Amino acid sequence: MEVFRITLPALVLLAGLAITDAQAQTLPKIDEFYFDNDSAAQPLLAVPGDAADAVEQLMKLRERGRKAVEATTQLASLAIAQGRVDLGKSLYQEALAATQVSAVQGRAVRWNHAWDLYRLGETEAALGEWMSLQAASRGNPGWVPPTYALVLWTLGRRDEAVRWYAAAVRTEPQQWSDPDNYLQLLPHWREQDRATLAEVHRAWSGSPPVWP
């Protein structure tokens, strides 16, 4: 993927949008099952991610006002992946300001934003974003237990990580009891993240928490 050659307009960051330190917050109570699908929990793409001219296509969509939020979100993620972190964060703030967490599109922006924060090593901020998404969700989305297990283990909150992983196993025991299923279950995760979740699995299998 070639780097950006287009100078984007200066984007003003809105005061007060900094994500709350997740370590200062109490995680929600773990429920027994997490069966609900969440259509927002997927990469938000305006054009195919492997397109050689993805940046140019996305810029044209922004200029034309077509799929502007999707294009801006995808550009933000591409910029961060290319090491242009400040640009990526500015683009994300634009997409966040244009959407509401109560809408599917807005939730998709925030879900993607959380993953890019996590990949940048801003783990506490990522958890805070995911917590806000869960709070705005209807029901119990299936992405919550494995995602929380990953991020909490990364933060060193390992007992909590194991308890959240146990919720995934209770919900779908045939899926989450075997790490060999991770590639199918978590196709958008990096291999290193699946490996981290496998560490949580080993801790869970060594001493599965009882419910409740």
# chains A, B, ... in the order shown; residues from 1 in each chain; ligands from 1
>>> residues_around(residues="A:Glu70", least_positions_apart="2", cutoff="6 Å", atoms="only C-alpha atoms", output="list in words")
Leu44, Leu45, Ala46, Lys67, Ala68, Thr72 and Thr73 of chain A
>>> closest_residue(among="A:Asn140, A:Gln175, A:Gln100, A:Thr123", to="A:Arg157", atoms="only C-alpha atoms")
A:Thr123
>>> closest_residue(among="A:Arg119, A:Trp143, A:Gln134, A:Asn37", to="A:Ala81", atoms="only C-alpha atoms")
A:Arg119
>>> closest_residue(among="A:Arg190, A:Arg202, A:Arg170, A:Arg138", to="A:Ser39", atoms="only C-alpha atoms")
A:Arg138
>>> closest_residue(among="A:Leu91, A:Ala198, A:Ala41, A:Ala161", to="A:Arg110", atoms="only C-alpha atoms")
A:Ala41
>>> residues_around(residues="A:Ala114", least_positions_apart="5", cutoff="8 Å", atoms="only C-alpha atoms", output="PDB file with all heavy atoms, in the first residue's frame")
ATOM      1  N   ALA A 125      -7.356   2.828  26.935  1.00  0.00           N
ATOM      2  CA  ALA A 125      -8.289   3.619  26.140  1.00  0.00           C
ATOM      3  C   ALA A 125      -9.180   2.725  25.288  1.00  0.00           C
ATOM      4  O   ALA A 125     -10.378   2.993  25.127  1.00  0.00           O
ATOM      5  CB  ALA A 125      -7.528   4.603  25.255  1.00  0.00           C
ATOM      6  N   ALA A 126      -8.613   1.668  24.744  1.00  0.00           N
ATOM      7  CA  ALA A 126      -9.400   0.731  23.952  1.00  0.00           C
ATOM      8  C   ALA A 126     -10.480   0.082  24.804  1.00  0.00           C
ATOM      9  O   ALA A 126     -11.640  -0.032  24.388  1.00  0.00           O
ATOM     10  CB  ALA A 126      -8.491  -0.342  23.348  1.00  0.00           C
ATOM     11  N   LEU A 127     -10.128  -0.333  26.010  1.00  0.00           N
ATOM     12  CA  LEU A 127     -11.111  -0.945  26.890  1.00  0.00           C
ATOM     13  C   LEU A 127     -12.225   0.047  27.222  1.00  0.00           C
ATOM     14  O   LEU A 127     -13.410  -0.309  27.242  1.00  0.00           O
ATOM     15  CB  LEU A 127     -10.442  -1.449  28.169  1.00  0.00           C
ATOM     16  CG  LEU A 127     -11.360  -2.084  29.218  1.00  0.00           C
ATOM     17  CD1 LEU A 127     -12.173  -3.229  28.632  1.00  0.00           C
ATOM     18  CD2 LEU A 127     -10.551  -2.557  30.420  1.00  0.00           C
ATOM     19  N   GLU A 129     -13.336   2.432  25.357  1.00  0.00           N
ATOM     20  CA  GLU A 129     -14.213   2.543  24.182  1.00  0.00           C
ATOM     21  C   GLU A 129     -15.130   1.334  24.077  1.00  0.00           C
ATOM     22  O   GLU A 129     -16.329   1.464  23.809  1.00  0.00           O
ATOM     23  CB  GLU A 129     -13.361   2.676  22.925  1.00  0.00           C
ATOM     24  CG  GLU A 129     -14.135   3.020  21.668  1.00  0.00           C
ATOM     25  CD  GLU A 129     -14.420   4.504  21.527  1.00  0.00           C
ATOM     26  OE1 GLU A 129     -15.329   5.000  22.241  1.00  0.00           O
ATOM     27  OE2 GLU A 129     -13.748   5.162  20.712  1.00  0.00           O
ATOM     28  N   TRP A 130     -14.575   0.131  24.286  1.00  0.00           N
ATOM     29  CA  TRP A 130     -15.402  -1.072  24.225  1.00  0.00           C
ATOM     30  C   TRP A 130     -16.461  -1.084  25.325  1.00  0.00           C
ATOM     31  O   TRP A 130     -17.589  -1.530  25.107  1.00  0.00           O
ATOM     32  CB  TRP A 130     -14.526  -2.321  24.317  1.00  0.00           C
ATOM     33  CG  TRP A 130     -13.919  -2.697  23.003  1.00  0.00           C
ATOM     34  CD1 TRP A 130     -14.547  -2.742  21.785  1.00  0.00           C
ATOM     35  CD2 TRP A 130     -12.569  -3.093  22.754  1.00  0.00           C
ATOM     36  NE1 TRP A 130     -13.658  -3.137  20.806  1.00  0.00           N
ATOM     37  CE2 TRP A 130     -12.438  -3.360  21.370  1.00  0.00           C
ATOM     38  CE3 TRP A 130     -11.443  -3.243  23.568  1.00  0.00           C
ATOM     39  CZ2 TRP A 130     -11.248  -3.775  20.791  1.00  0.00           C
ATOM     40  CZ3 TRP A 130     -10.248  -3.654  23.003  1.00  0.00           C
ATOM     41  CH2 TRP A 130     -10.153  -3.922  21.620  1.00  0.00           C
TER      42      TRP A 130
END
>>> residues_around(residues="A:Val101", least_positions_apart="5", cutoff="10 Å", atoms="only C-alpha atoms", output="mmCIF file with N, CA and C atoms, in the first residue's frame")
data_model
loop_
_atom_site.group_PDB
_atom_site.id
_atom_site.type_symbol
_atom_site.label_atom_id
_atom_site.label_comp_id
_atom_site.auth_asym_id
_atom_site.auth_seq_id
_atom_site.Cartn_x
_atom_site.Cartn_y
_atom_site.Cartn_z
ATOM 1 N N LEU A 96 -16.033 10.119 14.556
ATOM 2 C CA LEU A 96 -16.738 10.024 15.832
ATOM 3 C C LEU A 96 -17.698 11.193 16.024
ATOM 4 N N GLY A 106 -22.430 4.525 14.024
ATOM 5 C CA GLY A 106 -21.598 5.128 15.059
ATOM 6 C C GLY A 106 -20.922 4.097 15.931
ATOM 7 N N ARG A 107 -21.636 3.020 16.217
ATOM 8 C CA ARG A 107 -21.046 1.963 17.015
ATOM 9 C C ARG A 107 -19.933 1.261 16.242
ATOM 10 N N ALA A 108 -20.113 1.115 14.931
ATOM 11 C CA ALA A 108 -19.071 0.499 14.106
ATOM 12 C C ALA A 108 -17.806 1.352 14.094
ATOM 13 N N VAL A 109 -17.970 2.682 14.008
ATOM 14 C CA VAL A 109 -16.804 3.564 14.069
ATOM 15 C C VAL A 109 -16.055 3.352 15.376
ATOM 16 N N ARG A 110 -16.787 3.293 16.474
ATOM 17 C CA ARG A 110 -16.160 3.160 17.791
ATOM 18 C C ARG A 110 -15.541 1.783 17.990
ATOM 19 N N TRP A 111 -16.162 0.748 17.435
ATOM 20 C CA TRP A 111 -15.578 -0.596 17.531
ATOM 21 C C TRP A 111 -14.247 -0.644 16.787
ATOM 22 N N SER A 132 -17.941 1.536 26.570
ATOM 23 C CA SER A 132 -19.017 2.447 26.168
ATOM 24 C C SER A 132 -19.912 1.797 25.118
ATOM 25 N N LEU A 133 -19.323 0.994 24.249
ATOM 26 C CA LEU A 133 -20.113 0.270 23.252
ATOM 27 C C LEU A 133 -21.018 -0.757 23.907
ATOM 28 N N ALA A 135 -22.206 -0.680 26.889
ATOM 29 C CA ALA A 135 -23.248 0.029 27.621
ATOM 30 C C ALA A 135 -24.377 0.485 26.706
ATOM 31 N N ALA A 136 -24.032 0.771 25.440
ATOM 32 C CA ALA A 136 -25.034 1.243 24.474
ATOM 33 C C ALA A 136 -25.685 0.100 23.709
ATOM 34 N N SER A 137 -25.269 -1.131 23.993
ATOM 35 C CA SER A 137 -25.772 -2.281 23.248
ATOM 36 C C SER A 137 -27.092 -2.771 23.812
#
>>> residues_around(residues="A:Leu120", least_positions_apart="5", cutoff="9 Å", atoms="only C-alpha atoms", output="PyMOL selection string")
chain A and resi 80+85+115
>>> decode(residues="stretch 116-151 of chain A", atoms="N, CA, C and O atoms", output="PDB file, in the first residue's frame")
ATOM      1  N   ASP A 116      -8.024  -0.112  16.801  1.00  0.00           N
ATOM      2  CA  ASP A 116      -6.800   0.598  16.424  1.00  0.00           C
ATOM      3  C   ASP A 116      -6.086   1.160  17.651  1.00  0.00           C
ATOM      4  O   ASP A 116      -4.848   1.182  17.694  1.00  0.00           O
ATOM      5  N   LEU A 117      -6.836   1.601  18.655  1.00  0.00           N
ATOM      6  CA  LEU A 117      -6.200   2.020  19.903  1.00  0.00           C
ATOM      7  C   LEU A 117      -5.462   0.846  20.542  1.00  0.00           C
ATOM      8  O   LEU A 117      -4.322   0.988  21.006  1.00  0.00           O
ATOM      9  N   TYR A 118      -6.108  -0.311  20.553  1.00  0.00           N
ATOM     10  CA  TYR A 118      -5.466  -1.481  21.135  1.00  0.00           C
ATOM     11  C   TYR A 118      -4.169  -1.822  20.387  1.00  0.00           C
ATOM     12  O   TYR A 118      -3.137  -2.119  21.001  1.00  0.00           O
ATOM     13  N   ARG A 119      -4.213  -1.783  19.070  1.00  0.00           N
ATOM     14  CA  ARG A 119      -3.030  -2.124  18.273  1.00  0.00           C
ATOM     15  C   ARG A 119      -1.921  -1.098  18.426  1.00  0.00           C
ATOM     16  O   ARG A 119      -0.749  -1.410  18.193  1.00  0.00           O
ATOM     17  N   LEU A 120      -2.272   0.117  18.828  1.00  0.00           N
ATOM     18  CA  LEU A 120      -1.272   1.143  19.120  1.00  0.00           C
ATOM     19  C   LEU A 120      -0.668   0.976  20.508  1.00  0.00           C
ATOM     20  O   LEU A 120       0.243   1.705  20.885  1.00  0.00           O
ATOM     21  N   GLY A 121      -1.192   0.042  21.286  1.00  0.00           N
ATOM     22  CA  GLY A 121      -0.726  -0.136  22.651  1.00  0.00           C
ATOM     23  C   GLY A 121      -1.462   0.721  23.655  1.00  0.00           C
ATOM     24  O   GLY A 121      -1.098   0.744  24.838  1.00  0.00           O
ATOM     25  N   GLU A 122      -2.499   1.417  23.225  1.00  0.00           N
ATOM     26  CA  GLU A 122      -3.303   2.255  24.119  1.00  0.00           C
ATOM     27  C   GLU A 122      -4.451   1.399  24.667  1.00  0.00           C
ATOM     28  O   GLU A 122      -5.633   1.615  24.388  1.00  0.00           O
ATOM     29  N   THR A 123      -4.056   0.410  25.458  1.00  0.00           N
ATOM     30  CA  THR A 123      -4.963  -0.663  25.850  1.00  0.00           C
ATOM     31  C   THR A 123      -6.072  -0.171  26.762  1.00  0.00           C
ATOM     32  O   THR A 123      -7.237  -0.574  26.623  1.00  0.00           O
ATOM     33  N   GLU A 124      -5.748   0.685  27.712  1.00  0.00           N
ATOM     34  CA  GLU A 124      -6.768   1.186  28.627  1.00  0.00           C
ATOM     35  C   GLU A 124      -7.815   2.009  27.874  1.00  0.00           C
ATOM     36  O   GLU A 124      -9.015   1.903  28.142  1.00  0.00           O
ATOM     37  N   ALA A 125      -7.356   2.828  26.935  1.00  0.00           N
ATOM     38  CA  ALA A 125      -8.289   3.619  26.140  1.00  0.00           C
ATOM     39  C   ALA A 125      -9.180   2.725  25.288  1.00  0.00           C
ATOM     40  O   ALA A 125     -10.378   2.993  25.127  1.00  0.00           O
ATOM     41  N   ALA A 126      -8.613   1.668  24.744  1.00  0.00           N
ATOM     42  CA  ALA A 126      -9.400   0.731  23.952  1.00  0.00           C
ATOM     43  C   ALA A 126     -10.480   0.082  24.804  1.00  0.00           C
ATOM     44  O   ALA A 126     -11.640  -0.032  24.388  1.00  0.00           O
ATOM     45  N   LEU A 127     -10.128  -0.333  26.010  1.00  0.00           N
ATOM     46  CA  LEU A 127     -11.111  -0.945  26.890  1.00  0.00           C
ATOM     47  C   LEU A 127     -12.225   0.047  27.222  1.00  0.00           C
ATOM     48  O   LEU A 127     -13.410  -0.309  27.242  1.00  0.00           O
ATOM     49  N   GLY A 128     -11.866   1.298  27.469  1.00  0.00           N
ATOM     50  CA  GLY A 128     -12.882   2.301  27.740  1.00  0.00           C
ATOM     51  C   GLY A 128     -13.855   2.464  26.589  1.00  0.00           C
ATOM     52  O   GLY A 128     -15.067   2.610  26.798  1.00  0.00           O
ATOM     53  N   GLU A 129     -13.336   2.432  25.357  1.00  0.00           N
ATOM     54  CA  GLU A 129     -14.213   2.543  24.182  1.00  0.00           C
ATOM     55  C   GLU A 129     -15.130   1.334  24.077  1.00  0.00           C
ATOM     56  O   GLU A 129     -16.329   1.464  23.809  1.00  0.00           O
ATOM     57  N   TRP A 130     -14.575   0.131  24.286  1.00  0.00           N
ATOM     58  CA  TRP A 130     -15.402  -1.072  24.225  1.00  0.00           C
ATOM     59  C   TRP A 130     -16.461  -1.084  25.325  1.00  0.00           C
ATOM     60  O   TRP A 130     -17.589  -1.530  25.107  1.00  0.00           O
ATOM     61  N   MET A 131     -16.119  -0.573  26.503  1.00  0.00           N
ATOM     62  CA  MET A 131     -17.092  -0.508  27.584  1.00  0.00           C
ATOM     63  C   MET A 131     -18.247   0.419  27.224  1.00  0.00           C
ATOM     64  O   MET A 131     -19.413   0.121  27.518  1.00  0.00           O
ATOM     65  N   SER A 132     -17.941   1.536  26.570  1.00  0.00           N
ATOM     66  CA  SER A 132     -19.017   2.447  26.168  1.00  0.00           C
ATOM     67  C   SER A 132     -19.912   1.797  25.118  1.00  0.00           C
ATOM     68  O   SER A 132     -21.132   2.012  25.111  1.00  0.00           O
ATOM     69  N   LEU A 133     -19.323   0.994  24.249  1.00  0.00           N
ATOM     70  CA  LEU A 133     -20.113   0.270  23.252  1.00  0.00           C
ATOM     71  C   LEU A 133     -21.018  -0.757  23.907  1.00  0.00           C
ATOM     72  O   LEU A 133     -22.192  -0.883  23.561  1.00  0.00           O
ATOM     73  N   GLN A 134     -20.481  -1.501  24.854  1.00  0.00           N
ATOM     74  CA  GLN A 134     -21.310  -2.492  25.531  1.00  0.00           C
ATOM     75  C   GLN A 134     -22.468  -1.816  26.259  1.00  0.00           C
ATOM     76  O   GLN A 134     -23.604  -2.303  26.238  1.00  0.00           O
ATOM     77  N   ALA A 135     -22.206  -0.680  26.889  1.00  0.00           N
ATOM     78  CA  ALA A 135     -23.248   0.029  27.621  1.00  0.00           C
ATOM     79  C   ALA A 135     -24.377   0.485  26.706  1.00  0.00           C
ATOM     80  O   ALA A 135     -25.530   0.575  27.120  1.00  0.00           O
ATOM     81  N   ALA A 136     -24.032   0.771  25.440  1.00  0.00           N
ATOM     82  CA  ALA A 136     -25.034   1.243  24.474  1.00  0.00           C
ATOM     83  C   ALA A 136     -25.685   0.100  23.709  1.00  0.00           C
ATOM     84  O   ALA A 136     -26.557   0.340  22.874  1.00  0.00           O
ATOM     85  N   SER A 137     -25.269  -1.131  23.993  1.00  0.00           N
ATOM     86  CA  SER A 137     -25.772  -2.281  23.248  1.00  0.00           C
ATOM     87  C   SER A 137     -27.092  -2.771  23.812  1.00  0.00           C
ATOM     88  O   SER A 137     -27.391  -2.611  24.996  1.00  0.00           O
ATOM     89  N   ARG A 138     -27.868  -3.396  22.953  1.00  0.00           N
ATOM     90  CA  ARG A 138     -29.046  -4.117  23.386  1.00  0.00           C
ATOM     91  C   ARG A 138     -28.671  -5.582  23.533  1.00  0.00           C
ATOM     92  O   ARG A 138     -28.139  -6.193  22.617  1.00  0.00           O
ATOM     93  N   GLY A 139     -28.970  -6.132  24.680  1.00  0.00           N
ATOM     94  CA  GLY A 139     -28.629  -7.523  24.896  1.00  0.00           C
ATOM     95  C   GLY A 139     -27.175  -7.702  25.288  1.00  0.00           C
ATOM     96  O   GLY A 139     -26.512  -6.781  25.781  1.00  0.00           O
ATOM     97  N   ASN A 140     -26.657  -8.895  25.034  1.00  0.00           N
ATOM     98  CA  ASN A 140     -25.293  -9.264  25.400  1.00  0.00           C
ATOM     99  C   ASN A 140     -24.534  -9.704  24.149  1.00  0.00           C
ATOM    100  O   ASN A 140     -24.601 -10.877  23.754  1.00  0.00           O
ATOM    101  N   PRO A 141     -23.807  -8.778  23.489  1.00  0.00           N
ATOM    102  CA  PRO A 141     -23.121  -9.124  22.240  1.00  0.00           C
ATOM    103  C   PRO A 141     -22.049 -10.190  22.435  1.00  0.00           C
ATOM    104  O   PRO A 141     -21.302 -10.182  23.424  1.00  0.00           O
ATOM    105  N   GLY A 142     -21.944 -11.075  21.463  1.00  0.00           N
ATOM    106  CA  GLY A 142     -20.995 -12.173  21.554  1.00  0.00           C
ATOM    107  C   GLY A 142     -19.542 -11.758  21.505  1.00  0.00           C
ATOM    108  O   GLY A 142     -18.671 -12.515  21.942  1.00  0.00           O
ATOM    109  N   TRP A 143     -19.242 -10.546  21.000  1.00  0.00           N
ATOM    110  CA  TRP A 143     -17.842 -10.117  20.922  1.00  0.00           C
ATOM    111  C   TRP A 143     -17.280  -9.733  22.286  1.00  0.00           C
ATOM    112  O   TRP A 143     -16.059  -9.685  22.471  1.00  0.00           O
ATOM    113  N   VAL A 144     -18.165  -9.470  23.250  1.00  0.00           N
ATOM    114  CA  VAL A 144     -17.711  -8.897  24.520  1.00  0.00           C
ATOM    115  C   VAL A 144     -16.792  -9.834  25.304  1.00  0.00           C
ATOM    116  O   VAL A 144     -15.675  -9.421  25.682  1.00  0.00           O
ATOM    117  N   PRO A 145     -17.171 -11.090  25.617  1.00  0.00           N
ATOM    118  CA  PRO A 145     -16.289 -11.910  26.469  1.00  0.00           C
ATOM    119  C   PRO A 145     -14.876 -12.133  25.926  1.00  0.00           C
ATOM    120  O   PRO A 145     -13.902 -11.906  26.652  1.00  0.00           O
ATOM    121  N   PRO A 146     -14.696 -12.572  24.661  1.00  0.00           N
ATOM    122  CA  PRO A 146     -13.318 -12.778  24.209  1.00  0.00           C
ATOM    123  C   PRO A 146     -12.525 -11.484  24.104  1.00  0.00           C
ATOM    124  O   PRO A 146     -11.312 -11.469  24.363  1.00  0.00           O
ATOM    125  N   THR A 147     -13.195 -10.381  23.739  1.00  0.00           N
ATOM    126  CA  THR A 147     -12.482  -9.110  23.618  1.00  0.00           C
ATOM    127  C   THR A 147     -12.029  -8.612  24.980  1.00  0.00           C
ATOM    128  O   THR A 147     -10.882  -8.189  25.160  1.00  0.00           O
ATOM    129  N   TYR A 148     -12.919  -8.668  25.963  1.00  0.00           N
ATOM    130  CA  TYR A 148     -12.538  -8.268  27.319  1.00  0.00           C
ATOM    131  C   TYR A 148     -11.449  -9.185  27.873  1.00  0.00           C
ATOM    132  O   TYR A 148     -10.536  -8.727  28.566  1.00  0.00           O
ATOM    133  N   ALA A 149     -11.565 -10.475  27.583  1.00  0.00           N
ATOM    134  CA  ALA A 149     -10.537 -11.401  28.057  1.00  0.00           C
ATOM    135  C   ALA A 149      -9.170 -11.015  27.505  1.00  0.00           C
ATOM    136  O   ALA A 149      -8.164 -11.002  28.230  1.00  0.00           O
ATOM    137  N   LEU A 150      -9.123 -10.674  26.221  1.00  0.00           N
ATOM    138  CA  LEU A 150      -7.859 -10.273  25.594  1.00  0.00           C
ATOM    139  C   LEU A 150      -7.292  -9.013  26.230  1.00  0.00           C
ATOM    140  O   LEU A 150      -6.113  -8.966  26.621  1.00  0.00           O
ATOM    141  N   VAL A 151      -8.116  -7.976  26.321  1.00  0.00           N
ATOM    142  CA  VAL A 151      -7.602  -6.687  26.766  1.00  0.00           C
ATOM    143  C   VAL A 151      -7.260  -6.717  28.257  1.00  0.00           C
ATOM    144  O   VAL A 151      -6.255  -6.127  28.687  1.00  0.00           O
TER     145      VAL A 151
END
